[in-house]
Number of protein chains: 4
Amino acid sequence: MRTFILLFGCQDKKGIVAKISDFILKHGGNIVTADQHSTDPQGGLFFIRVEFVLDEGQYAKKDLISSFSPIGKEFGADWNFYDKSETLRMGIFVSEPDHCLVDLLYLWSAGELRVKIPFVLSNFEKHRKLVTGYNIPFYYVPADKNKRREAELLSYALDSTDFLVLARYMLVLSPDFLKKYNKDIINIHHGFLPFFKGADPAARALKEGVKVIGATAHFVSNELDEGPIIAQEVQNVSHKDNRQDLIRKGKNLEKKALAGAISSYIDYRIIKYENKTIVF
Amino acid sequence: MRTFILLFGCQDKKGIVAKISDFILKHGGNIVTADQHSTDPQGGLFFIRVEFVLDEGQYAKKDLISSFSPIGKEFGADWNFYDKSETLRMGIFVSEPDHCLVDLLYLWSAGELRVKIPFVLSNFEKHRKLVTGYNIPFYYVPADKNKRREAELLSYALDSTDFLVLARYMLVLSPDFLKKYNKDIINIHHGFLPFFKGADPAARALKEGVKVIGATAHFVSNELDEGPIIAQEVQNVSHKDNRQDLIRKGKNLEKKALAGAISSYIDYRIIKYENKTIVF
Amino acid sequence: MRTFILLFGCQDKKGIVAKISDFILKHGGNIVTADQHSTDPQGGLFFIRVEFVLDEGQYAKKDLISSFSPIGKEFGADWNFYDKSETLRMGIFVSEPDHCLVDLLYLWSAGELRVKIPFVLSNFEKHRKLVTGYNIPFYYVPADKNKRREAELLSYALDSTDFLVLARYMLVLSPDFLKKYNKDIINIHHGFLPFFKGADPAARALKEGVKVIGATAHFVSNELDEGPIIAQEVQNVSHKDNRQDLIRKGKNLEKKALAGAISSYIDYRIIKYENKTIVF
Amino acid sequence: MRTFILLFGCQDKKGIVAKISDFILKHGGNIVTADQHSTDPQGGLFFIRVEFVLDEGQYAKKDLISSFSPIGKEFGADWNFYDKSETLRMGIFVSEPDHCLVDLLYLWSAGELRVKIPFVLSNFEKHRKLVTGYNIPFYYVPADKNKRREAELLSYALDSTDFLVLARYMLVLSPDFLKKYNKDIINIHHGFLPFFKGADPAARALKEGVKVIGATAHFVSNELDEGPIIAQEVQNVSHKDNRQDLIRKGKNLEKKALAGAISSYIDYRIIKYENKTIVF
């Protein structure tokens with residue numbers, strides 16, 4: 001048995017689910033799970049994620065895509081099929097802090113993050129031992145300001161990855177890079193977005209005397225620290241928490257939010273629209 | 001526009017969703033939201049909740065039921081249609097503690113709990129003022145041990161309610177009563193089920209030195225403090241919490257779990273199976 | 001036995017705790033609980049809250065104050081004694097939304113909020129029945145823009161209250177009012193402070209696609225929606241939550257944060273410093 | 001400057017804090033933080049943790065102990081001083097699951113767990129590479145049932161460790177071993193204690209249909225899966241969580257509860273009494 005996923009979004013209209021489920025039935029499929037969301041029953045947008053199984057060898061992803069095309073056209077939809085047996089290739093960019101990197105590599109090695117990792121890339125040489133210990137290529141690309149850095153990043157990432165994760169990568173990626181890479185990039189932000197955009201959220205949390213801190217995993221859009229939010233984690237803090245405590249607690253939030261976001265992403269549970277996400 | 005809900009469960013098989021969505025389409029309906037769950041893609045049970053809108057006056061609930069019957073039979077399913085414009089009638093039984101009662105009446109009066117409340121019934125006369133202040137009939141039925149009490153409860157509840165809520169009702173309801181009432185009863189239990197079954201969970205929490213306490217809303221089955229769990233709420237506690245603190249925190253958990261469970265119930269989000277619940 | 005509380009803050013120095021505990025011992029007291037916080041062991045600020053019991057009739061609050069004065073002076077401290085048997089008088093201002101008002105009145109009537117409530121004041125006449133049902137005076141002061149409104153507020157609140165609670169009071173209080181009232185005012189803000197300062201946080205949460213919402217209880221300072229944060233409550237949300245869901249969840253957060261903040265306040269657990277709070 | 005900690009417990013009595021703070025003052029110390037707890041202001045037990053700094057070289061721990069002895073005797077107290085600059089030696093026992101081991105080693109290497117780790121011991125050879133990669137000795141002791149195993153454990157642990165952590169060690173330690181080792185042992189239990197004592201909590205959670213799962217870190221006493229609870233972590237689950245999901249979520253809870261408990265322990269924040277803990 002082979003598992004496929006359909007992600008589909010369009011203007012809401014009668015008969016979408018009937019069309020889709022009939023399509024799956026006619027291809028001999030059995031729906032394992034389906035989630036849908038309508039932004040407004042009258043005139044809103046409609047989104048659906050369907051996971052279904054087919055007998056092995058019956059149809060490949062490309063067959064499904066080609067035979068679904070008329071339906072997609074009929075509804076003016078954005079849609080795609082994914083084959084769950086194909087493993088996504090996730091490139092990791094990281095700067096000095098290693099807590100997210102360590103967490104992701106462990107989850108990956110424990111079989112809890114089903115991706116391929118073609119490389120880890122950093123402007124800090126010190127992660128080489130950890131990374132190569134997992135038999136993953138490590139690329140050191142220093143943090144110079146000129147365009148050569150981004151060209152080098154692109155040469156590593158463009159063909160070898162399906163998406164990128166910025167696991168605490170502190171260097172700005174230019175709109176030009178984003179345009180050329182043109183695939184999804186997931187970033188972990190050390191604070192609640194759309195707040196606390198700048199650096200050093202621990203200092204700011206201390207100064208403001210907040211009683212809750214958070215971390216945000218989001219897709220990278222053109223603006224630094226903006227883009228659709230995927231996951232947010234929060235934790236209570238108090239006057240007892242000093243700068244080190246806030247940083248430590250923040251790291252745990254970052255690990256949890258980032259791993260959760262990647263997990264949703266590789267299960268094809270995320271649909272983006274209007275600078276927001278649906279996470280089924 | 002009129003909103004209907006279908007709850008449906010059966011052995012998993014190909015084509016269920018196609019059949020159901022085709023049925024809705026043929027009746028001119030538009031699916032607003034659908035949730036489904038398969039306990040196992042191969043040979044498991046399949047459950048679905050579909051919420052859909054029909055143009056006013058097109059079909060009534062009984063039309064849908066009669067025309068869906070062959071499909072239900074085909075799949076050997078448990079199923080029913082619900083009309084969202086019909087408001088369920090919720091009877092409330094309560095003993096001395098009033099925190100859940102107060103909360104439910106407030107939510108009801110604020111329009112956040114869409115039910116009718118035909119009565120509140122108690123073995124404590126003291127709730128009369130609160131209840132009648134909301135223009136709801138109040139019945140005082142003292143806690144005697146003989147069978148007359150249950151006969152009286154039944155005479156109030158049987159025809160006037162669609163389901164009962166035990167909002168901290170401390171008196172046992174006999175299997176005979178449950179059999180005769182034969183509709184759903186939701187209870188709030190002051191502790192985690194399947195644990196902490198007995199009385200005085202605060203005392204026990206203190207003695208055991210637990211660091212988390214909880215409350216459980218569940219359907220009443222034959223056994224006291226058993227039956228499918230609907231919702232559980234938890235809160236951290238510490239050595240600083242004395243008996244009063246634990247009781248106070250427990251009350252908040254009870255309010256939250258009970259109101260949440262009722263809210264799911266009246267939205268037809270709950271499916272029972274194998275002494276468990278699916279809460280969509 | 002009579003319980004007193006000392007709140008004390010000064011530049012950190014050796015011997016503070018020894019001095020304070022020796023003072024209590026010499027007055028025949030037994031320390032029930034003590035909490036302290038030092039912002040930095042070297043050259044920081046030091047804060048302590050001591051709760052202690054004295055035999056009935058031995059000393060009154062004023063005796064303690066007068067005999068502690070030299071110690072306070074020695075350390076250049078801000079300090080005060082409180083007598084736990086004296087009940088604080090809490091005035092409530094409220095606009096249209098009644099969820100916090102209902103919650104506070106219930107907690108008060110259930111003995112879980114040990115305050116006197118000299119009045120509830122609103123620019124909405126509709127709360128009169130609820131409030132007077134609790135035998136609490138209700139004052140209707142409409143929302144006109146001129147100075148007379150604040151004069152009227154002041155005439156009700158100045159002498160009759162020890163502190164004010166804005167339980168969703170939407171009208172601005174001018175710096176002039178704050179200066180004349182000159183006691184603590186606790187506000188509940190429908191969002192995370194220092195973020196989401198403006199109106200309609202549900203709309204903004206929807207637009208930004210956040211996955212967590214919050215509420216903040218804080219002291220009122222001169223700036224609207226600013227001032228030391230006392231308590232913050234948070235809850236996960238998702239794309240499934242529509243505007244009504246966000247408002248409903250927000251109300252629960254507001255109730256919880258406000259009741260928690262008031263509870264800390266009337267137990268003298270809060271010390272303000274540098275636009276922040278210590279909540280012991 | 002050198003930081004010391006006093007843990008102290010006795011029958012509550014007047015003057016304890018005065019005596020202790022006076023003692024610290026006379027030794028030239030400054031109290032950094034103090035936490036205390038009284039189980040009952042009248043006739044209860046009193047516990048205090050005081051953290052204070054002394055100028056370097058003034059007094060050693062043994063000086064403090066010998067000069068505090070009369071005070072301890074006067075109050076009939078259990079007490080001890082700890083020198084924060086001395087690092088505790090933590091032995092780790094682990095069976096097959098490595099999630100807690102990996103987490104602890106990372107936290108340790110990142111400087112977030114200030115202990116020495118004299119060894120990791122396992123009945124699974126497969127952890128050797130990970131452990132020795134951190135330059136920590138690894139001992140393989142297979143799971144035979146005779147007494148030789150425990151003798152070997154003891155020969156590794158008795159002199160080289162100050163406490164032991166069972167980071168998912170599935171083999172029973174006999175009362176004889178516990179008696180001979182006679183120091184603290186912290187265990188992580190995959191479920192809420194005092195509930196879910198047996199094996200395979202995921203299976204049981206599935207069967208019972210619970211909506212919350214938990215993990216418990218506790219001191220080991222004579223009974224398997226009993227002993228004073230230190231920390232408990234919880235997480236919501238639903239019908240969507242299958243066996244694998246429950247195991248994955250459970251692992252996260254176990255990591256968090258165990259790391260939190262160890263962190264409290266090595267900061268000397270835990271006092272045991274009546275089979276419970278105070279965690280300051």
# chains A, B, ... in the order shown; residues from 1 in each chain; ligands from 1
$ residues_around --residues "region 169-173 of chain B" --least-positions-apart "3" --cutoff "6 Å" --atoms "only C-alpha atoms" --output "list of chain:residue names"
B:Phe93, B:Val94, B:Ser95, B:Leu166
$ write_last_selection --atoms "N, CA and C atoms" --output "CSV table (one decimal), in the first residue's frame"
chain,number,residue,atom,x,y,z
B,93,PHE,N,-28.5,18.6,37.3
B,93,PHE,CA,-28.6,18.1,38.7
B,93,PHE,C,-27.4,18.7,39.5
B,94,VAL,N,-27.6,19.2,40.7
B,94,VAL,CA,-26.4,19.7,41.4
B,94,VAL,C,-26.6,19.5,42.9
B,95,SER,N,-25.6,19.2,43.6
B,95,SER,CA,-25.6,19.2,45.1
B,95,SER,C,-25.1,20.5,45.7
B,166,LEU,N,-24.6,16.5,35.4
B,166,LEU,CA,-24.4,16.4,36.8
B,166,LEU,C,-23.3,17.4,37.2
$ residues_around --residues "region 175-181 of chain A" --least-positions-apart "5" --cutoff "7 Å" --atoms "only C-alpha atoms" --output "PyMOL selection string"
chain A and resi 150+154+158+222
$ closest_residue --among "B:Ile230, B:Ile24, B:Ala167, B:Ala203" --to "Ser263 (chain B)" --atoms "only C-alpha atoms"
B:Ile230
$ residues_around --residues "Leu104 (chain C)" --least-positions-apart "2" --cutoff "10 Å" --atoms "only C-alpha atoms" --output "list in words"
Ile92, Asp98, His99, Cys100, Leu101, Val102, Tyr106, Leu107, Trp108, Ser109, Ala110, Glu112, Leu113, Ala167, Lys255, Leu258, Ala259 and Ile262 of chain C
$ write_last_selection --atoms "N, CA and C atoms" --output "PDB file, in the first residue's frame"
ATOM      1  N   ILE C  92     -15.138  48.748  41.659  1.00  0.00           N
ATOM      2  CA  ILE C  92     -15.088  48.148  40.317  1.00  0.00           C
ATOM      3  C   ILE C  92     -15.688  49.108  39.298  1.00  0.00           C
ATOM      4  N   ASP C  98     -19.521  41.922  30.517  1.00  0.00           N
ATOM      5  CA  ASP C  98     -19.752  41.610  31.925  1.00  0.00           C
ATOM      6  C   ASP C  98     -19.043  40.357  32.417  1.00  0.00           C
ATOM      7  N   HIS C  99     -18.227  39.713  31.584  1.00  0.00           N
ATOM      8  CA  HIS C  99     -17.671  38.427  32.009  1.00  0.00           C
ATOM      9  C   HIS C  99     -16.763  38.565  33.233  1.00  0.00           C
ATOM     10  N   CYS C 100     -15.938  39.609  33.266  1.00  0.00           N
ATOM     11  CA  CYS C 100     -15.061  39.787  34.430  1.00  0.00           C
ATOM     12  C   CYS C 100     -15.875  40.196  35.660  1.00  0.00           C
ATOM     13  N   LEU C 101     -16.843  41.053  35.478  1.00  0.00           N
ATOM     14  CA  LEU C 101     -17.700  41.483  36.593  1.00  0.00           C
ATOM     15  C   LEU C 101     -18.395  40.283  37.225  1.00  0.00           C
ATOM     16  N   VAL C 102     -19.019  39.466  36.391  1.00  0.00           N
ATOM     17  CA  VAL C 102     -19.724  38.289  36.895  1.00  0.00           C
ATOM     18  C   VAL C 102     -18.774  37.379  37.665  1.00  0.00           C
ATOM     19  N   TYR C 106     -18.983  36.587  41.682  1.00  0.00           N
ATOM     20  CA  TYR C 106     -19.160  35.221  42.149  1.00  0.00           C
ATOM     21  C   TYR C 106     -18.040  34.819  43.112  1.00  0.00           C
ATOM     22  N   LEU C 107     -16.806  35.078  42.740  1.00  0.00           N
ATOM     23  CA  LEU C 107     -15.682  34.711  43.610  1.00  0.00           C
ATOM     24  C   LEU C 107     -15.810  35.398  44.965  1.00  0.00           C
ATOM     25  N   TRP C 108     -16.253  36.656  44.925  1.00  0.00           N
ATOM     26  CA  TRP C 108     -16.442  37.411  46.167  1.00  0.00           C
ATOM     27  C   TRP C 108     -17.532  36.753  47.015  1.00  0.00           C
ATOM     28  N   SER C 109     -18.651  36.418  46.388  1.00  0.00           N
ATOM     29  CA  SER C 109     -19.759  35.860  47.164  1.00  0.00           C
ATOM     30  C   SER C 109     -19.422  34.457  47.662  1.00  0.00           C
ATOM     31  N   ALA C 110     -18.534  33.760  46.950  1.00  0.00           N
ATOM     32  CA  ALA C 110     -18.145  32.415  47.375  1.00  0.00           C
ATOM     33  C   ALA C 110     -17.024  32.454  48.406  1.00  0.00           C
ATOM     34  N   GLU C 112     -14.041  33.562  47.960  1.00  0.00           N
ATOM     35  CA  GLU C 112     -12.712  33.314  47.393  1.00  0.00           C
ATOM     36  C   GLU C 112     -11.959  34.605  47.062  1.00  0.00           C
ATOM     37  N   LEU C 113     -12.589  35.738  47.292  1.00  0.00           N
ATOM     38  CA  LEU C 113     -11.936  37.035  47.053  1.00  0.00           C
ATOM     39  C   LEU C 113     -12.252  37.886  48.277  1.00  0.00           C
ATOM     40  N   ALA C 167     -12.621  46.378  35.338  1.00  0.00           N
ATOM     41  CA  ALA C 167     -12.996  45.031  34.875  1.00  0.00           C
ATOM     42  C   ALA C 167     -13.595  45.134  33.481  1.00  0.00           C
ATOM     43  N   LYS C 255     -10.665  36.785  32.499  1.00  0.00           N
ATOM     44  CA  LYS C 255     -11.167  36.448  33.830  1.00  0.00           C
ATOM     45  C   LYS C 255     -10.054  35.876  34.702  1.00  0.00           C
ATOM     46  N   LEU C 258      -7.245  38.528  35.517  1.00  0.00           N
ATOM     47  CA  LEU C 258      -7.687  39.584  36.435  1.00  0.00           C
ATOM     48  C   LEU C 258      -7.905  39.026  37.841  1.00  0.00           C
ATOM     49  N   ALA C 259      -8.616  37.906  37.942  1.00  0.00           N
ATOM     50  CA  ALA C 259      -8.864  37.331  39.275  1.00  0.00           C
ATOM     51  C   ALA C 259      -7.549  36.952  39.944  1.00  0.00           C
ATOM     52  N   ILE C 262      -5.794  40.218  41.174  1.00  0.00           N
ATOM     53  CA  ILE C 262      -6.439  40.785  42.369  1.00  0.00           C
ATOM     54  C   ILE C 262      -6.123  39.933  43.591  1.00  0.00           C
TER      55      ILE C 262
END
$ residues_around --residues "Gly209 (chain B)" --least-positions-apart "3" --cutoff "10 Å" --atoms "only C-alpha atoms" --output "ChimeraX atom specification"
/B:203-206,212,237-239 /D:193-194,228-230,273-278
$ residues_around --residues "Glu233 (chain A)" --least-positions-apart "3" --cutoff "6 Å" --atoms "only C-alpha atoms" --output "list in words"
Gly214, Ala215, Leu253 and Ala257 of chain A
$ interface_residues --of "chain C" --to "chain D" --cutoff "8 Å" --atoms "only C-alpha atoms" --output "ChimeraX atom specification"
/C:13-15,17-22,25,28-38,41
$ write_last_selection --atoms "N, CA and C atoms" --output "mmCIF file, in the first residue's frame"
data_model
loop_
_atom_site.group_PDB
_atom_site.id
_atom_site.type_symbol
_atom_site.label_atom_id
_atom_site.label_comp_id
_atom_site.auth_asym_id
_atom_site.auth_seq_id
_atom_site.Cartn_x
_atom_site.Cartn_y
_atom_site.Cartn_z
ATOM 1 N N LYS C 13 22.153 44.634 50.956
ATOM 2 C CA LYS C 13 23.179 44.896 51.949
ATOM 3 C C LYS C 13 23.213 43.695 52.888
ATOM 4 N N LYS C 14 24.292 43.498 53.588
ATOM 5 C CA LYS C 14 24.334 42.403 54.563
ATOM 6 C C LYS C 14 23.400 42.681 55.739
ATOM 7 N N GLY C 15 22.813 41.634 56.280
ATOM 8 C CA GLY C 15 22.144 41.744 57.571
ATOM 9 C C GLY C 15 20.691 42.150 57.529
ATOM 10 N N VAL C 17 17.942 40.466 56.461
ATOM 11 C CA VAL C 17 17.055 39.419 56.962
ATOM 12 C C VAL C 17 17.235 39.235 58.472
ATOM 13 N N ALA C 18 18.477 39.320 58.913
ATOM 14 C CA ALA C 18 18.738 39.176 60.352
ATOM 15 C C ALA C 18 18.017 40.279 61.127
ATOM 16 N N LYS C 19 18.128 41.493 60.637
ATOM 17 C CA LYS C 19 17.459 42.614 61.302
ATOM 18 C C LYS C 19 15.949 42.411 61.344
ATOM 19 N N ILE C 20 15.396 42.037 60.232
ATOM 20 C CA ILE C 20 13.937 41.893 60.158
ATOM 21 C C ILE C 20 13.460 40.730 61.027
ATOM 22 N N SER C 21 14.142 39.608 60.933
ATOM 23 C CA SER C 21 13.666 38.445 61.692
ATOM 24 C C SER C 21 13.889 38.665 63.188
ATOM 25 N N ASP C 22 14.953 39.355 63.526
ATOM 26 C CA ASP C 22 15.177 39.693 64.930
ATOM 27 C C ASP C 22 14.063 40.617 65.442
ATOM 28 N N LEU C 25 10.998 38.490 65.990
ATOM 29 C CA LEU C 25 11.177 37.650 67.181
ATOM 30 C C LEU C 25 10.978 38.467 68.455
ATOM 31 N N GLY C 28 7.635 38.941 69.599
ATOM 32 C CA GLY C 28 6.902 37.712 69.923
ATOM 33 C C GLY C 28 6.262 37.056 68.716
ATOM 34 N N GLY C 29 6.753 37.383 67.521
ATOM 35 C CA GLY C 29 6.122 36.865 66.310
ATOM 36 C C GLY C 29 6.751 35.568 65.827
ATOM 37 N N ASN C 30 5.997 34.833 65.038
ATOM 38 C CA ASN C 30 6.499 33.636 64.388
ATOM 39 C C ASN C 30 6.295 33.800 62.878
ATOM 40 N N ILE C 31 7.384 33.669 62.129
ATOM 41 C CA ILE C 31 7.302 33.845 60.682
ATOM 42 C C ILE C 31 6.570 32.661 60.055
ATOM 43 N N VAL C 32 5.514 32.939 59.334
ATOM 44 C CA VAL C 32 4.749 31.877 58.674
ATOM 45 C C VAL C 32 5.349 31.584 57.314
ATOM 46 N N THR C 33 5.626 32.642 56.589
ATOM 47 C CA THR C 33 6.247 32.455 55.290
ATOM 48 C C THR C 33 7.027 33.712 54.935
ATOM 49 N N ALA C 34 8.098 33.522 54.201
ATOM 50 C CA ALA C 34 8.897 34.663 53.771
ATOM 51 C C ALA C 34 9.371 34.384 52.360
ATOM 52 N N ASP C 35 9.304 35.385 51.525
ATOM 53 C CA ASP C 35 9.822 35.276 50.160
ATOM 54 C C ASP C 35 10.732 36.459 49.933
ATOM 55 N N GLN C 36 11.814 36.218 49.235
ATOM 56 C CA GLN C 36 12.688 37.355 48.966
ATOM 57 C C GLN C 36 13.271 37.247 47.587
ATOM 58 N N HIS C 37 13.730 38.350 47.091
ATOM 59 C CA HIS C 37 14.296 38.376 45.749
ATOM 60 C C HIS C 37 15.376 39.445 45.696
ATOM 61 N N SER C 38 16.508 39.051 45.140
ATOM 62 C CA SER C 38 17.595 40.001 44.963
ATOM 63 C C SER C 38 17.853 40.116 43.470
ATOM 64 N N PRO C 41 23.116 39.716 43.377
ATOM 65 C CA PRO C 41 23.741 39.584 44.696
ATOM 66 C C PRO C 41 24.774 40.671 44.978
#
$ select_by_dssp --residues "region 118-264 of chain D" --states "strand (DSSP E)" --output "PyMOL selection string"
chain D and resi 120-122+138-140+163-166+185-189+212-219+229-236
$ select_by_dssp --residues "region 152-184 of chain D" --states "helix (DSSP H, G or I)" --output "PyMOL selection string"
chain D and resi 152-157+175-181
$ residues_around --residues "Asp162 (chain D)" --least-positions-apart "2" --cutoff "9 Å" --atoms "only C-alpha atoms" --output "number ranges by chain"
D: 88-91, 157-160, 164, 183-184
$ atom_distance --atom1 "CA of Thr87 (chain D)" --atom2 "CA of Val120 (chain D)"
17.2 Å
$ atom_distance --atom1 "CA of Tyr82 (chain D)" --atom2 "CA of Ile5 (chain D)"
5.0 Å
$ atom_distance --atom1 "CA of Ala143 (chain C)" --atom2 "CA of Val220 (chain C)"
19.4 Å
$ residues_around --residues "Thr3 (chain A)" --least-positions-apart "4" --cutoff "8 Å" --atoms "only C-alpha atoms" --output "PyMOL selection string"
chain A and resi 51-54+83-85
$ decode --residues "region 37-49 of chain D" --atoms "N, CA, C and O atoms" --output "PDB file, in the first residue's frame"
ATOM      1  N   HIS D  37       8.919  27.212  54.062  1.00  0.00           N
ATOM      2  CA  HIS D  37       7.582  26.649  53.995  1.00  0.00           C
ATOM      3  C   HIS D  37       7.222  26.084  55.348  1.00  0.00           C
ATOM      4  O   HIS D  37       8.020  25.375  55.972  1.00  0.00           O
ATOM      5  N   SER D  38       6.015  26.416  55.773  1.00  0.00           N
ATOM      6  CA  SER D  38       5.518  25.877  57.028  1.00  0.00           C
ATOM      7  C   SER D  38       4.266  25.073  56.700  1.00  0.00           C
ATOM      8  O   SER D  38       3.354  25.570  56.052  1.00  0.00           O
ATOM      9  N   THR D  39       4.253  23.814  57.125  1.00  0.00           N
ATOM     10  CA  THR D  39       3.101  22.984  56.767  1.00  0.00           C
ATOM     11  C   THR D  39       1.863  23.425  57.530  1.00  0.00           C
ATOM     12  O   THR D  39       0.743  23.155  57.113  1.00  0.00           O
ATOM     13  N   ASP D  40       2.059  24.118  58.634  1.00  0.00           N
ATOM     14  CA  ASP D  40       0.938  24.600  59.447  1.00  0.00           C
ATOM     15  C   ASP D  40       1.510  25.601  60.438  1.00  0.00           C
ATOM     16  O   ASP D  40       2.405  25.245  61.205  1.00  0.00           O
ATOM     17  N   PRO D  41       1.013  26.861  60.435  1.00  0.00           N
ATOM     18  CA  PRO D  41       1.600  27.850  61.355  1.00  0.00           C
ATOM     19  C   PRO D  41       1.517  27.422  62.817  1.00  0.00           C
ATOM     20  O   PRO D  41       2.295  27.883  63.631  1.00  0.00           O
ATOM     21  N   GLN D  42       0.594  26.541  63.132  1.00  0.00           N
ATOM     22  CA  GLN D  42       0.513  26.089  64.524  1.00  0.00           C
ATOM     23  C   GLN D  42       0.841  24.608  64.630  1.00  0.00           C
ATOM     24  O   GLN D  42       0.034  23.750  64.265  1.00  0.00           O
ATOM     25  N   GLY D  43       2.031  24.342  65.091  1.00  0.00           N
ATOM     26  CA  GLY D  43       2.400  22.958  65.349  1.00  0.00           C
ATOM     27  C   GLY D  43       2.816  22.172  64.129  1.00  0.00           C
ATOM     28  O   GLY D  43       2.893  20.946  64.174  1.00  0.00           O
ATOM     29  N   GLY D  44       3.085  22.846  63.020  1.00  0.00           N
ATOM     30  CA  GLY D  44       3.484  22.141  61.814  1.00  0.00           C
ATOM     31  C   GLY D  44       4.992  21.986  61.724  1.00  0.00           C
ATOM     32  O   GLY D  44       5.728  22.205  62.691  1.00  0.00           O
ATOM     33  N   LEU D  45       5.425  21.592  60.533  1.00  0.00           N
ATOM     34  CA  LEU D  45       6.855  21.484  60.264  1.00  0.00           C
ATOM     35  C   LEU D  45       7.305  22.733  59.526  1.00  0.00           C
ATOM     36  O   LEU D  45       6.544  23.355  58.785  1.00  0.00           O
ATOM     37  N   PHE D  46       8.561  23.086  59.734  1.00  0.00           N
ATOM     38  CA  PHE D  46       9.118  24.273  59.113  1.00  0.00           C
ATOM     39  C   PHE D  46      10.346  23.884  58.301  1.00  0.00           C
ATOM     40  O   PHE D  46      11.207  23.146  58.791  1.00  0.00           O
ATOM     41  N   PHE D  47      10.403  24.382  57.052  1.00  0.00           N
ATOM     42  CA  PHE D  47      11.531  24.072  56.190  1.00  0.00           C
ATOM     43  C   PHE D  47      12.082  25.369  55.602  1.00  0.00           C
ATOM     44  O   PHE D  47      11.308  26.267  55.244  1.00  0.00           O
ATOM     45  N   ILE D  48      13.371  25.455  55.500  1.00  0.00           N
ATOM     46  CA  ILE D  48      13.959  26.653  54.897  1.00  0.00           C
ATOM     47  C   ILE D  48      15.169  26.287  54.059  1.00  0.00           C
ATOM     48  O   ILE D  48      15.898  25.337  54.371  1.00  0.00           O
ATOM     49  N   ARG D  49      15.318  26.999  52.965  1.00  0.00           N
ATOM     50  CA  ARG D  49      16.515  26.923  52.117  1.00  0.00           C
ATOM     51  C   ARG D  49      17.085  28.326  52.040  1.00  0.00           C
ATOM     52  O   ARG D  49      16.387  29.260  51.635  1.00  0.00           O
TER      53      ARG D  49
END
